[in-house]
Amino acid sequence: MPKKNEKTTVNPAPERRAELLATAAEVFATQGYKATTVRKIADAAGMLAGSLYYHFDSKESMLDEILSTFLDELWARYDAVLAAGLGPRETIEALVTESFR
């Protein structure tokens, strides 16, 4: 049990966090980052805007996590292509394919 002035930390479920990021990505893609508010993301997720702050610090942190995840996955796919030992032409083709996947 926490002491009187000690803060407790609650970790939201990773599945819910991923759902919220997917929703945020859809709203960003539809309305653009600048026009998107935390309230719009929360509405699309079926929750109150204040509840979204339980999961994320800000709209910027949501975008950062979306982009970081995308780039991490893209680099992992590139690494897999490079590790496949294909010829130069096949490697370039596979990298371009992964870029559009």
# chains A, B, ... in the order shown; residues from 1 in each chain; ligands from 1

$ residues_around --residues "Glu19 (chain A)" --least-positions-apart "2" --cutoff "12 Å" --atoms "only C-alpha atoms" --output "PyMOL selection string"
chain A and resi 12-17+21-26+41-42+44-46+52+55+62+66

$ select_by_dssp --residues "chain A" --states "helix (DSSP H, G or I)" --output "NGL selection string"
:A and (14-31 or 38-45 or 49-52 or 59-83 or 88-100)

$ residues_around --residues "Val81 (chain A)" --least-positions-apart "6" --cutoff "7 Å" --atoms "only C-alpha atoms" --output "PDB file with all heavy atoms, in the first residue's frame"
ATOM      1  N   THR A  91      17.243  -8.006 -54.207  1.00  0.00           N
ATOM      2  CA  THR A  91      17.278  -7.260 -52.944  1.00  0.00           C
ATOM      3  C   THR A  91      16.602  -5.904 -53.105  1.00  0.00           C
ATOM      4  O   THR A  91      15.757  -5.521 -52.283  1.00  0.00           O
ATOM      5  CB  THR A  91      18.730  -7.073 -52.453  1.00  0.00           C
ATOM      6  OG1 THR A  91      19.303  -8.360 -52.208  1.00  0.00           O
ATOM      7  CG2 THR A  91      18.781  -6.245 -51.187  1.00  0.00           C
ATOM      8  N   ALA A  94      12.869  -6.383 -53.462  1.00  0.00           N
ATOM      9  CA  ALA A  94      12.257  -6.756 -52.185  1.00  0.00           C
ATOM     10  C   ALA A  94      12.203  -5.550 -51.241  1.00  0.00           C
ATOM     11  O   ALA A  94      11.217  -5.373 -50.518  1.00  0.00           O
ATOM     12  CB  ALA A  94      13.029  -7.905 -51.548  1.00  0.00           C
ATOM     13  N   LEU A  95      13.235  -4.706 -51.243  1.00  0.00           N
ATOM     14  CA  LEU A  95      13.227  -3.512 -50.394  1.00  0.00           C
ATOM     15  C   LEU A  95      12.143  -2.536 -50.834  1.00  0.00           C
ATOM     16  O   LEU A  95      11.433  -1.962 -49.993  1.00  0.00           O
ATOM     17  CB  LEU A  95      14.602  -2.828 -50.413  1.00  0.00           C
ATOM     18  CG  LEU A  95      15.728  -3.566 -49.699  1.00  0.00           C
ATOM     19  CD1 LEU A  95      17.069  -2.889 -49.968  1.00  0.00           C
ATOM     20  CD2 LEU A  95      15.466  -3.661 -48.203  1.00  0.00           C
TER      21      LEU A  95
END

$ closest_residue --among "A:Ser58, A:Ser51, A:Gln31, A:Ser99" --to "Phe70 (chain A)" --atoms "only C-alpha atoms"
A:Ser99

$ atom_distance --atom1 "CA of Ala29 (chain A)" --atom2 "CA of Arg77 (chain A)"
22.9 Å

$ closest_residue --among "A:Val38, A:Ile92, A:Ala18, A:Val27" --to "Glu60 (chain A)" --atoms "only C-alpha atoms"
A:Val38
